[in-house]
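*Asks:* Structure incoming, see below.
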Amino acid sequence: MRWPVFCEWAAEQPPDPVKLAHIRNRSAMGENPPAAYPSPARLAANLSRALWDWAVSGFSMASEEEAARRISICSTCMYFDASQRRCKQLGCGCYLDAKVKLKTEHCPINRW
């Protein structure tokens with residue numbers, strides 16, 4: 001809980017700049033840092049590009065074995081969000097259950 005720390009700092013006059021920086025940095029992280037998903041506009045742009053590439057390729061799909069291989073690689077990655085099965089790599093944010101099935105898609109950090 002951050003309130004007692006804030007109240008302790010607020011009681012000091014003038015506030016200690018080192019404590020202030022510590023509290024500011026800690027409160028910016030919060031209890032759970034926010035997911036690093038891109039904005040909805042960026043997600044829409046990523047999706048439209050992926051669908052365009054997929055259509056140009058003739059709607060080619062990856063084989064079941066290839067999709068399973070890709071998702072197994074993703075599941076060991078530090079950017080994999082297991083609760084939503086999404087990529088948290090900045091600029092990606094894809095839902096991996098769909099992405100791994102499209103033959104034209106690739107990993108943003110070139111793992112597959």
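Residues are referred to by chain and number: the chain letter is A, B, ... according to the order shown in the structure tokens, the number counts from 1 in that chain, and ligands are numbered separately from 1 in the order shown.
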For range 65-70 of chain A, work out the shell of residues within 8 Å, counting only C-alpha atoms and skipping chain neighbours fewer than 4 positions away, then give it as a list in words.
*Replies:*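 What passes the distance filter is Cys74, Val100, Lys101 and Trp112 of chain A.
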*Asks:* Mind checking which residues fall within 9 Å of range 104-110 of chain A, counting only C-alpha atoms, ignoring those fewer than 5 positions away in the same chain, and posting them as a VMD selection string?
*Replies:* chain A and resid 50 53 to 54 57 59 to 62 70 74 89 to 92 99
*Asks:* Return the single residue from A:Ser63, A:Lys103, A:Tyr37, A:Val18 that is closest to Phe80 in chain A, with distances computed using only C-alpha atoms.
*Replies:*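 Using only C-alpha atoms, Phe80 in chain A sits closest to A:Tyr37.
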*Asks:* I'd like the interatomic distance between CA of Ala55 in chain A and CA of Asp81 in chain A, to a tenth of an Å.
*Replies:*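 Separating CA of Ala55 in chain A from CA of Asp81 in chain A is a distance of 27.7 Å.
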*Asks:* Which one is closest to Tyr79 in chain A: A:Arg111, A:Pro17, A:Leu102, A:Pro40? Count only C-alpha atoms.
*Replies:* A:Arg111
*Asks:* Between CA of Ser39 in chain A and CA of Val56 in chain A, what is the spacing in Å?
*Replies:*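 Computing it gives 25.9 Å between the two atoms.
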*Asks:* Using DSSP secondary structure from the backbone, list all strand (DSSP E) positions within range 16-110 of chain A, as a list of chain:residue names.
*Replies:* A:Phe80, A:Asp81, A:Arg86, A:Cys87
*Asks:* Quick one: distance from CA of Ile71 in chain A to CA of Leu43 in chain A in Å, one decimal?
*Replies:*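 Distance reported for this atom pair: 19.7 Å.
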